[in-house]
Each structure stands twice: as structure tokens, then as C-alpha cells.
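*Asks:* Structure: my_file31.cif, mmCIF, C-alpha atoms and all ligand atoms.
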data_entry
#
loop_
_atom_site.label_atom_id
_atom_site.label_comp_id
_atom_site.auth_asym_id
_atom_site.auth_seq_id
_atom_site.Cartn_x
_atom_site.Cartn_y
_atom_site.Cartn_z
CA MET A 434 0.00 0.00 0.00
CA LYS A 435 1.27 3.48 -0.90
CA ARG A 436 2.01 5.68 2.13
CA ARG A 437 1.03 9.34 2.01
CA SER A 438 4.17 11.40 2.13
CA ARG A 439 4.51 13.80 5.05
CA PRO A 440 5.97 17.28 4.88
CA THR A 441 9.66 16.93 5.71
CA ARG A 442 10.18 20.33 7.39
CA ARG A 443 7.56 20.21 10.14
CA PRO A 444 7.16 23.37 12.25
CA PRO A 445 7.52 22.45 15.90
CA ASP A 446 4.47 21.49 17.90
CA PRO A 447 3.93 24.47 20.28
CA TRP A 448 3.10 22.08 23.16
CA ARG A 449 6.62 20.64 22.98
CA ALA A 450 8.19 23.94 24.01
CA VAL A 451 5.47 26.06 25.61
CA ASP A 452 7.83 28.50 27.32
CA SER A 453 9.30 29.67 24.04
CA GLN A 454 5.90 30.54 22.52
CA THR A 455 4.64 34.12 22.31
CA ASN A 456 1.03 33.30 23.28
CA ILE A 457 1.46 31.34 26.53
CA ALA A 458 -1.41 33.13 28.30
CA GLU A 459 -3.68 32.15 25.41
CA MET A 460 -2.45 28.53 25.52
CA ALA A 461 -3.08 28.37 29.28
CA ALA A 462 -6.56 29.88 28.84
CA GLY A 463 -7.24 27.33 26.08
CA LEU A 464 -6.46 24.43 28.44
CA GLU A 465 -8.78 25.89 31.07
CA SER A 466 -11.51 26.52 28.49
CA ARG A 467 -11.25 22.92 27.29
CA GLY A 468 -11.27 21.73 30.91
CA ARG A 469 -14.54 23.60 31.58
CA THR A 470 -16.29 22.41 28.40
CA PRO A 471 -18.92 19.96 29.73
CA ALA A 472 -18.39 17.25 27.08
CA GLN A 473 -14.62 17.42 27.66
CA ALA A 474 -15.02 17.22 31.44
CA ARG A 475 -17.25 14.15 31.03
CA LEU A 476 -14.83 12.28 28.80
CA ARG A 477 -11.86 13.13 31.06
CA ARG A 478 -13.72 11.87 34.12
CA ARG A 479 -14.89 8.71 32.32
CA PHE A 480 -11.24 7.96 31.61
CA LEU A 481 -10.23 8.52 35.27
CA ARG A 482 -12.95 6.07 36.34
CA PHE A 483 -11.77 3.61 33.67
CA VAL A 484 -8.13 3.69 34.95
CA PRO A 485 -9.45 3.55 37.80
CA VAL A 486 -8.20 6.20 40.22
CA ARG A 487 -9.26 5.21 43.76
CA ALA A 488 -9.46 6.86 47.16
CA GLY A 489 -6.08 6.70 48.89
CA ASP A 490 -4.06 6.44 45.64
CA ARG A 491 -0.78 8.27 45.05
CA VAL A 492 -1.12 9.50 41.47
CA LEU A 493 1.29 11.15 39.07
CA GLU A 494 0.15 13.22 36.10
CA VAL A 495 2.83 13.82 33.46
CA GLY A 496 2.28 16.99 31.40
CA CYS A 497 -0.21 18.53 33.84
CA GLY A 498 -0.34 21.95 32.12
CA THR A 499 -2.53 24.33 34.14
CA GLY A 500 -3.69 21.50 36.41
CA VAL A 501 -7.14 20.69 34.99
CA VAL A 502 -6.67 16.93 35.55
CA VAL A 503 -4.74 17.38 38.82
CA ARG A 504 -7.76 19.17 40.28
CA ASP A 505 -10.04 16.30 39.22
CA LEU A 506 -7.59 13.77 40.63
CA VAL A 507 -7.29 15.34 44.07
CA SER A 508 -11.03 14.98 44.61
CA LEU A 509 -10.87 11.30 43.55
CA VAL A 510 -7.94 10.27 45.80
CA GLY A 511 -9.50 11.92 48.86
CA ARG A 512 -7.84 12.69 52.20
CA ARG A 513 -5.54 9.65 52.26
CA GLY A 514 -4.20 10.06 48.73
CA ASP A 515 -1.95 12.56 47.02
CA VAL A 516 -1.38 13.91 43.54
CA VAL A 517 1.84 15.01 41.86
CA GLY A 518 1.75 16.93 38.58
CA VAL A 519 4.86 17.46 36.47
CA ASP A 520 5.34 19.54 33.34
CA ARG A 521 8.22 20.83 31.23
CA SER A 522 6.75 24.32 31.15
CA ARG A 523 7.72 26.59 34.05
CA LEU A 524 5.10 29.15 33.01
CA LEU A 525 2.21 26.68 32.83
CA LEU A 526 3.27 25.33 36.23
CA ASP A 527 3.12 28.87 37.66
CA ARG A 528 -0.46 29.12 36.40
CA ALA A 529 -1.25 25.64 37.73
CA ARG A 530 0.03 26.67 41.18
CA GLN A 531 -2.28 29.71 41.22
CA LEU A 532 -5.29 27.67 40.15
CA CYS A 533 -4.58 24.72 42.44
CA ARG A 534 -4.19 26.99 45.49
CA GLU A 535 -7.92 27.71 45.19
CA ALA A 536 -8.87 24.03 44.79
CA ALA A 537 -10.28 21.85 47.58
CA GLY A 538 -7.55 19.48 48.80
CA HIS A 539 -4.73 21.71 47.51
CA ALA A 540 -2.43 20.57 50.36
CA ARG A 541 -2.36 17.13 48.76
CA ILE A 542 -1.17 18.48 45.39
CA ALA A 543 2.54 18.85 44.55
CA LEU A 544 3.66 20.41 41.26
CA ARG A 545 7.19 20.00 39.88
CA ARG A 546 9.05 20.90 36.75
CA ALA A 547 10.24 17.76 34.97
CA ASP A 548 10.48 16.09 31.60
CA GLY A 549 8.30 13.02 31.24
CA ALA A 550 11.26 11.10 29.82
CA ARG A 551 13.37 11.78 32.97
CA LEU A 552 11.13 11.72 36.01
CA PRO A 553 12.74 12.83 39.29
CA PHE A 554 11.13 10.06 41.37
CA ALA A 555 12.24 6.75 42.84
CA ALA A 556 10.97 3.54 41.24
CA SER A 557 7.52 2.26 42.31
CA ARG A 558 6.51 5.50 44.10
CA PHE A 559 2.99 5.81 42.58
CA ASP A 560 -0.15 3.67 42.40
CA ALA A 561 -0.99 5.19 39.03
CA ALA A 562 0.79 7.36 36.47
CA LEU A 563 -1.25 9.21 33.83
CA ALA A 564 -0.64 11.39 30.79
CA ILE A 565 -3.69 13.10 29.30
CA THR A 566 -3.35 14.69 25.84
CA VAL A 567 0.42 14.66 26.23
CA ILE A 568 1.79 11.63 24.34
CA LEU A 569 0.71 13.26 21.07
CA HIS A 570 3.17 16.07 21.78
CA VAL A 571 6.30 14.33 23.08
CA ALA A 572 9.37 13.57 20.96
CA ASP A 573 9.82 10.03 22.29
CA PRO A 574 6.49 8.54 23.49
CA LEU A 575 8.01 5.17 24.41
CA ALA A 576 10.66 6.79 26.63
CA VAL A 577 7.91 8.70 28.49
CA VAL A 578 5.70 5.64 28.99
CA ARG A 579 8.70 3.57 30.17
CA GLU A 580 9.48 6.28 32.74
CA MET A 581 5.84 6.32 33.85
CA ALA A 582 6.03 2.52 34.27
CA ARG A 583 9.28 2.76 36.24
CA VAL A 584 7.80 5.12 38.85
CA THR A 585 4.59 3.05 39.16
CA ARG A 586 4.49 0.22 41.70
CA PRO A 587 4.15 -3.39 40.50
CA GLY A 588 0.42 -3.99 40.07
CA GLY A 589 -0.17 -0.25 39.59
CA ARG A 590 -1.69 1.37 36.48
CA VAL A 591 -0.25 3.43 33.69
CA GLY A 592 -2.92 5.35 31.77
CA VAL A 593 -2.62 7.50 28.66
CA GLN A 594 -5.37 9.34 26.78
CA ASP A 595 -5.05 11.24 23.50
CA GLN A 596 -7.11 12.74 20.73
CA ASP A 597 -6.68 11.16 17.32
CA PHE A 598 -6.66 13.74 14.55
CA GLY A 599 -7.34 11.07 11.96
CA VAL A 600 -10.91 10.82 13.30
CA VAL A 601 -12.38 14.32 13.26
CA ALA A 602 -15.83 14.78 11.72
CA VAL A 603 -17.19 18.25 11.14
CA THR A 604 -20.11 19.63 9.15
CA HIS A 605 -19.12 22.24 6.60
CA PRO A 606 -20.47 23.07 3.11
CA ASP A 607 -16.99 22.65 1.57
CA ARG A 608 -15.81 19.14 2.40
CA GLU A 609 -12.66 19.23 0.29
CA LEU A 610 -11.48 22.46 1.90
CA THR A 611 -12.32 21.17 5.38
CA ASP A 612 -10.30 18.03 4.75
CA ARG A 613 -7.36 20.01 3.35
CA ILE A 614 -7.26 22.26 6.42
CA MET A 615 -7.96 19.68 9.15
CA ARG A 616 -5.71 16.93 7.84
CA GLY A 617 -3.06 19.25 6.42
CA VAL A 618 -2.61 21.21 9.67
CA ALA A 619 -2.47 18.06 11.83
CA GLU A 620 0.15 16.50 9.54
CA HIS A 621 2.27 19.65 9.71
CA ILE A 622 2.18 19.96 13.49
CA TYR A 623 2.28 16.45 14.90
CA ALA A 624 4.86 13.75 14.33
CA GLU A 625 2.02 11.22 14.70
CA PRO A 626 -1.49 12.70 14.23
CA HIS A 627 -2.93 9.20 14.83
CA SER A 628 -1.43 9.08 18.32
CA GLY A 629 -4.72 8.04 19.99
CA ARG A 630 -5.22 4.70 18.26
CA ARG A 631 -1.57 3.77 18.84
CA LEU A 632 -1.69 4.05 22.63
CA PRO A 633 -2.51 0.38 23.45
CA GLY A 634 0.47 -0.76 21.33
CA LEU A 635 2.67 1.81 23.04
CA LEU A 636 1.77 0.50 26.50
CA ARG A 637 2.50 -3.08 25.39
CA ALA A 638 5.85 -1.99 23.94
CA ALA A 639 6.69 -0.49 27.34
CA GLY A 640 6.12 -3.88 29.00
CA LEU A 641 2.71 -3.20 30.55
CA GLU A 642 0.17 -6.00 30.84
CA GLY A 643 -3.61 -6.41 30.66
CA THR A 644 -3.98 -3.41 28.35
CA ARG A 645 -7.56 -2.08 28.09
CA LEU A 646 -8.86 0.58 25.71
CA LEU A 647 -11.65 3.13 26.20
CA THR A 648 -12.69 4.85 22.98
CA ASP A 649 -14.60 8.04 23.66
CA VAL A 650 -15.92 10.89 21.57
CA TYR A 651 -15.92 14.63 22.10
CA GLN A 652 -19.21 15.76 20.58
CA ASP A 653 -20.22 19.39 20.04
CA THR A 654 -23.42 20.48 18.32
CA THR A 655 -23.48 24.13 19.44
CA LEU A 656 -19.95 25.38 18.68
CA GLU A 657 -18.65 25.63 22.25
CA PRO A 658 -16.06 28.40 22.86
CA TRP A 659 -13.24 25.81 22.99
CA THR A 660 -14.32 24.24 19.66
CA LYS A 661 -14.57 27.70 18.09
CA SER A 662 -11.04 28.62 19.12
CA PHE A 663 -9.80 25.16 17.99
CA LEU A 664 -11.22 25.81 14.49
CA GLU A 665 -9.86 29.37 14.45
CA ARG A 666 -6.38 28.09 15.32
CA ARG A 667 -6.66 25.49 12.54
CA ALA A 668 -7.57 28.26 10.05
CA GLU A 669 -4.71 30.48 11.25
CA ARG A 670 -2.19 27.64 10.92
CA ALA A 671 -3.51 26.60 7.52
CA VAL A 672 -2.55 30.09 6.33
CA ARG A 673 0.82 29.95 8.12
CA PHE A 674 1.62 26.55 6.55
CA ARG A 675 0.47 27.88 3.13
CA LEU A 676 -2.24 25.25 2.79
CA VAL A 677 -4.73 28.03 1.94
CA ASP A 678 -4.62 31.80 1.60
CA ALA A 679 -6.08 34.17 4.22
CA ALA A 680 -9.28 34.84 2.24
CA THR A 681 -9.97 31.09 1.87
CA ALA A 682 -9.35 30.50 5.58
CA GLN A 683 -11.84 33.27 6.43
CA ARG A 684 -14.38 31.83 3.98
CA TRP A 685 -13.96 28.47 5.70
CA LEU A 686 -14.62 29.99 9.15
CA ASP A 687 -17.65 31.90 7.82
CA GLY A 688 -18.99 28.58 6.50
CA PHE A 689 -19.29 27.36 10.11
CA THR A 690 -21.25 30.45 11.12
CA ALA A 691 -23.89 29.60 8.54
CA VAL A 692 -24.04 25.94 9.66
CA VAL A 693 -24.40 26.94 13.32
CA ALA A 694 -27.15 29.46 12.43
CA ARG A 695 -29.11 26.61 10.80
CA GLY A 696 -28.68 24.47 13.95
CA ALA A 697 -26.80 21.92 11.85
CA PHE A 698 -23.33 22.08 13.40
CA VAL A 699 -21.63 18.81 14.44
CA LEU A 700 -18.02 18.27 15.41
CA THR A 701 -16.80 14.97 16.81
CA LEU A 702 -13.26 14.10 17.77
CA ASN A 703 -12.21 10.65 18.94
CA TYR A 704 -10.27 10.20 22.18
CA TYR A 705 -8.53 6.94 23.00
CA GLY A 706 -7.65 6.06 26.57
CA ALA A 707 -5.42 3.06 27.23
CA VAL A 708 -4.49 1.53 30.59
CA GLY A 709 -1.91 -1.15 31.35
CA VAL A 710 -0.74 -2.79 34.57
CA LYS A 711 2.89 -2.94 35.68
CA PRO A 712 3.87 -6.61 36.01
CA VAL A 713 4.25 -7.83 39.61
C1 LIG B 801 -2.13 19.76 25.65
S1 LIG B 801 -1.33 20.02 27.15
C2 LIG B 801 -2.25 18.95 28.27
C3 LIG B 801 -2.29 19.47 29.70
C4 LIG B 801 -3.16 18.65 30.66
N1 LIG B 801 -2.77 17.27 30.71
C5 LIG B 801 -4.62 18.77 30.31
O1 LIG B 801 -5.21 17.80 29.81
O2 LIG B 801 -5.19 19.86 30.53
C6 LIG B 801 0.20 19.16 26.98
C7 LIG B 801 1.16 19.41 28.14
O3 LIG B 801 2.28 18.53 28.05
C8 LIG B 801 3.44 19.24 28.44
N2 LIG B 801 4.60 18.53 27.89
C9 LIG B 801 4.95 18.42 26.59
N3 LIG B 801 6.05 17.66 26.48
C10 LIG B 801 6.38 17.26 27.74
C11 LIG B 801 7.42 16.45 28.28
N4 LIG B 801 8.33 15.86 27.50
N5 LIG B 801 7.44 16.24 29.61
C12 LIG B 801 6.52 16.83 30.42
N6 LIG B 801 5.52 17.61 29.96
C13 LIG B 801 5.46 17.82 28.64
C14 LIG B 801 3.22 20.63 27.90
O4 LIG B 801 4.04 21.59 28.52
C15 LIG B 801 1.73 20.82 28.18
O5 LIG B 801 1.52 21.36 29.44
#
Can I see the file as C-alpha cells?
*Replies:*
Amino acid sequence: MKRRSRPTRRPPDPWRAVDSQTNIAEMAAGLESRGRTPAQARLRRRFLRFVPVRAGDRVLEVGCGTGVVVRDLVSLVGRRGDVVGVDRSRLLLDRARQLCREAAGHARIALRRADGARLPFAASRFDAALAITVILHVADPLAVVREMARVTRPGGRVGVQDQDFGVVAVTHPDRELTDRIMRGVAEHIYAEPHSGRRLPGLLRAAGLEGTRLLTDVYQDTTLEPWTKSFLERRAERAVRFRLVDAATAQRWLDGFTAVVARGAFVLTLNYYGAVGVKPV
């Protein structure tokens, strides 16, 4: 079978090096906006139940960003558990510290700067190690999952959840243009836009056992603020990557306005969550 060729000079994924971006406040606000979006909150919490995260657990989240998942986790582990979030970005961690200070159970949250491929923890320290919408962005996914497995106790769980940009459905009058923008932008940014569906194989390659998969769908029929900014960023990048010109990108965005006005808007995006157990 013929493989589609990928662009060879790929602009870096902004999530790989957040602190060198010029729009960090906007990126942080985007994470919080996604976190608040009801359909996103539901699918995140379904995954945490699927892992499962239990009362009393010591849980690590790799790539915690502004702490959306950390704040969910601290309520799940309760008074006997604790949560550690690590991230490469000093600036996102600063924001996470502000937001977590206001959260119930904040004394049981610790936030540290670290790379997921070199975790500053002793082996077997955690009951569960998670990475939510992070594996898509890292240079060496296997190295990160192996590190997560190392710091998890035998019998503990390693859980990863990612979008898969090969499975985005969206209503728009111009299907060819929509495909050119959505697929073209994803292929320019991500080393592996199909990261989601590859997660079970990744966990197995890292030596984890009993791998389970939860396929979930983000569904939006009203153009939530987070979806709107997601589509706007896609349009902006399509221009930057010269997939379309500025007028075409604007025409594409205007096309959504008309669909929403008719009450006919649908966007779905698949999320894959995989969990494996560290061998005893
Ligand atoms: C899309 S955000 C997800 C944040 C959070 N998990 C959430 O769902 O809201 C990806 C995060 O991964 C972090 N990140 C990227 N590469 C990393 C690495 N190698 N080690 C640790 N964190 C990393 C980024 O700084 C960013 O905060």
C-alpha cells in the first residue's frame, strides 16, 4: 500500500516547548476553556474512572499543564491520597500553582518541573501514572511511557489518553477544503497525528500487561467556545503553513457560522484512553 508522504520540514508542535511561545497566556486559557467544556469534562472523568483512580491512591500526572486533571484527581484520591503533577513548562506550572491553590484538597497536590522522559522520582513510588493529551506532543512517546512505568508500583496502572486527529468529523459546506485544512494542519504539526489509536500498542511496547482501551468521543453540536477557538487556530495555521490563503481561511470559518445558524453544526473528535498494569 502506498504511504502518504509527510511534509519533511515540520514546524515544531507548540506544546513541545510552551515556554518559548509568544502566546502562553492564550495557551493556558485554552487548556482551562477545554477543561470547563462539559463534554470534555465528562470524557476526562470517564477515563479517570476507567483507569481507575481510587481513594487513597498516590497518582502522578505527566504533562499537567494548568492542572485541569490534577484538580479532578485530588477529589478522587481523597484525604488519604496525594497527587503530583509534572510539566516541562515553568510558566504553565506557575499558572497551575495559582489555580490549584484555590482548589479543595490543595495541600495534597505537589507540582514539579520535569520532563516526562526523565522523572525525578524513585521507582515504584505511585499507584498510578497518567498522561492526558500529552503523548501526542512528546518527541519520544516510548521513553515517556517507560518512565511512567518505572515510577509506578508493581500492580499499579499506567494510563494515557489522546485525541486522534485522523478521526475528526465536522459539518461544513466545503468538504474538500475542510479536509485540506484539518488533515493538512495536523500533519504539519504532529509527528504522529494518529497518536490516539496507537496508545494500546505503546503500553505493550513499554512492558505493561492487561492493556484495556476506552474509545470516547468529544461531541459538540453548538460550537462551544473551545471548539470555536480550535477551528480558528486550525484556520490560522492553515494560512501559516500555506495550505490556503487568508481569504480562503476566512471563507472556511464563515462557513461554520452559517451551519451553526441553521442548527446543523456537528463536530466529533475521537479520544482513545489506554491503561496497562505494571507486572508484579
Ligand atoms: C495539551 S497540554 C495537556 C495538559 C493537561 N494534561 C490537560 O489535559 O489539561 C500538553 C502538556 O504537556 C506538556 N509537555 C509536553 N512535552 C512534555 C514532556 N516531555 N514532559 C513533560 N511535559 C510535557 C506541555 O508543557 C503541556 O503542558
*Asks:* Let me have all residues with an atom within 6 Å of ligand LIG 801 (chain B), counting all atoms listed in the file, laid out as a list in words.
*Replies:*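 The residues within 6 Å of ligand LIG 801 (chain B), counting all atoms listed in the file, are Trp448, Arg449, Val451, Leu464, Val495, Gly496, Cys497, Gly498, Val501, Val502, Asp520, Arg521, Ser522, Ala547, Asp548, Gly549, Ile565, Thr566, Val567, His570 and Val571 of chain A.
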*Asks:* Please, could you write that set of residues out with C-alpha atoms as a PDB file, in the frame of the given file?
*Replies:*
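So selection-v8.pdb came out as:
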ATOM      1  CA  TRP A 448       3.100  22.080  23.160  1.00  0.00           C
ATOM      2  CA  ARG A 449       6.620  20.640  22.980  1.00  0.00           C
ATOM      3  CA  VAL A 451       5.470  26.060  25.610  1.00  0.00           C
ATOM      4  CA  LEU A 464      -6.460  24.430  28.440  1.00  0.00           C
ATOM      5  CA  VAL A 495       2.830  13.820  33.460  1.00  0.00           C
ATOM      6  CA  GLY A 496       2.280  16.990  31.400  1.00  0.00           C
ATOM      7  CA  CYS A 497      -0.210  18.530  33.840  1.00  0.00           C
ATOM      8  CA  GLY A 498      -0.340  21.950  32.120  1.00  0.00           C
ATOM      9  CA  VAL A 501      -7.140  20.690  34.990  1.00  0.00           C
ATOM     10  CA  VAL A 502      -6.670  16.930  35.550  1.00  0.00           C
ATOM     11  CA  ASP A 520       5.340  19.540  33.340  1.00  0.00           C
ATOM     12  CA  ARG A 521       8.220  20.830  31.230  1.00  0.00           C
ATOM     13  CA  SER A 522       6.750  24.320  31.150  1.00  0.00           C
ATOM     14  CA  ALA A 547      10.240  17.760  34.970  1.00  0.00           C
ATOM     15  CA  ASP A 548      10.480  16.090  31.600  1.00  0.00           C
ATOM     16  CA  GLY A 549       8.300  13.020  31.240  1.00  0.00           C
ATOM     17  CA  ILE A 565      -3.690  13.100  29.300  1.00  0.00           C
ATOM     18  CA  THR A 566      -3.350  14.690  25.840  1.00  0.00           C
ATOM     19  CA  VAL A 567       0.420  14.660  26.230  1.00  0.00           C
ATOM     20  CA  HIS A 570       3.170  16.070  21.780  1.00  0.00           C
ATOM     21  CA  VAL A 571       6.300  14.330  23.080  1.00  0.00           C
TER      22      VAL A 571
END
*Asks:* Would you give me, as JSON lines, each residue of region 653-672 of chain A having an atom within 12 Å of an atom of region 473-478 of chain A, along with its shortest atom pair and that distance in Å to one decimal, using only C-alpha atoms and sorting by chain and residue number?
*Replies:*
{"residue": "A:Asp653", "atom": "CA", "partner": "A:Gln473", "partner_atom": "CA", "distance": 9.7}
{"residue": "A:Glu657", "atom": "CA", "partner": "A:Gln473", "partner_atom": "CA", "distance": 10.6}
{"residue": "A:Trp659", "atom": "CA", "partner": "A:Gln473", "partner_atom": "CA", "distance": 9.7}
{"residue": "A:Thr660", "atom": "CA", "partner": "A:Gln473", "partner_atom": "CA", "distance": 10.5}
*Asks:* If I take CA of Val507 (chain A) and CA of Ala639 (chain A), how far is one from the other in Å, to one decimal?
*Replies:* 26.9 Å
*Asks:* Would you compute the distance between CA of Pro471 (chain A) and CA of Val699 (chain A)? Give it in Å to one decimal.
*Replies:*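 That distance, rounded to one decimal, is 15.6 Å.
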*Asks:* Excluding Arg479 (chain A) and any residue of its chain fewer than 5 positions from it, enumerate the residues within 12 Å of it, using all atoms listed in the file, and give them as a list in words.
*Replies:*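 Residues meeting the cut-off are Ala472, Gln473, Ala474, Val484, Pro485, Val486, Asp505, Gln594, Leu647, Thr648, Asp649, Val650, Tyr651, Tyr704, Tyr705 and Gly706 of chain A.
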*Asks:* Next, dump the selected residues to file, keeping only C-alpha atoms, as a PDB file, keeping the file's coordinate frame.
*Replies:*
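part-v4.pdb, freshly written:
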ATOM      1  CA  ALA A 472     -18.390  17.250  27.080  1.00  0.00           C
ATOM      2  CA  GLN A 473     -14.620  17.420  27.660  1.00  0.00           C
ATOM      3  CA  ALA A 474     -15.020  17.220  31.440  1.00  0.00           C
ATOM      4  CA  VAL A 484      -8.130   3.690  34.950  1.00  0.00           C
ATOM      5  CA  PRO A 485      -9.450   3.550  37.800  1.00  0.00           C
ATOM      6  CA  VAL A 486      -8.200   6.200  40.220  1.00  0.00           C
ATOM      7  CA  ASP A 505     -10.040  16.300  39.220  1.00  0.00           C
ATOM      8  CA  GLN A 594      -5.370   9.340  26.780  1.00  0.00           C
ATOM      9  CA  LEU A 647     -11.650   3.130  26.200  1.00  0.00           C
ATOM     10  CA  THR A 648     -12.690   4.850  22.980  1.00  0.00           C
ATOM     11  CA  ASP A 649     -14.600   8.040  23.660  1.00  0.00           C
ATOM     12  CA  VAL A 650     -15.920  10.890  21.570  1.00  0.00           C
ATOM     13  CA  TYR A 651     -15.920  14.630  22.100  1.00  0.00           C
ATOM     14  CA  TYR A 704     -10.270  10.200  22.180  1.00  0.00           C
ATOM     15  CA  TYR A 705      -8.530   6.940  23.000  1.00  0.00           C
ATOM     16  CA  GLY A 706      -7.650   6.060  26.570  1.00  0.00           C
TER      17      GLY A 706
END
*Asks:* Which residue gives the smallest distance to Val578 (chain A) among A:Val693, A:Asp560, A:Ala543, A:Ala550, with all atoms listed in the file counted?
*Replies:*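 Of all the options, A:Ala550 lies closest to Val578 (chain A).
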*Asks:* I need the residue nearest Arg523 (chain A) from this list: A:Ala488, A:Ile568, A:Leu635, A:Leu544. Use all atoms listed in the file for the distance.
*Replies:*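 Counting all atoms listed in the file, the residue closest to Arg523 (chain A) is A:Leu544.
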*Asks:* Which residue out of A:Ala561, A:Leu664, A:Ala624, A:Val519 has the minimum interatomic distance to Asp573 (chain A) when all atoms listed in the file are used?
*Replies:*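 Of the candidates, the smallest distance to Asp573 (chain A) is held by A:Ala624.
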*Asks:* Could you list, as a PyMOL selection string, every residue within 6 Å of region 626-631 of chain A, counting only C-alpha atoms and ignoring same-chain residues fewer than 2 positions away?
*Replies:* chain A and resi 569+595-599+619+623+633-634+705
*Asks:* At most 8 Å from (0.7, -2.7, 37.3), file frame, all atoms listed in the file: which residues, as a ChimeraX atom specification?
*Replies:* /A:585-591,641-642,709-713
*Asks:* Would you mind telling me which residue in A:Asp527, A:Glu459, A:Asp687, A:Asp612 lies nearest to Gly500 (chain A) when using only C-alpha atoms?
*Replies:*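 Closest to Gly500 (chain A), using only C-alpha atoms: A:Asp527.
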*Asks:* Using Å and a single decimal, report how far CA of Ala562 (chain A) sits from CA of Ala458 (chain A).
*Replies:*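 Answer for the CA of Ala458 (chain A) to CA of Ala562 (chain A) separation: 27.1 Å.
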*Asks:* From the options A:Ala572, A:Ala697, A:Val708, A:His605, which residue's atoms come nearest to Arg637 (chain A), counting only C-alpha atoms?
*Replies:* A:Val708
*Asks:* Smallest atom-to-atom distance to Val577 (chain A): which of A:Thr655, A:Asp452, A:Arg551, A:Gly688, using all atoms listed in the file?
*Replies:*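 For Val577 (chain A), the nearest of the candidates is A:Arg551.
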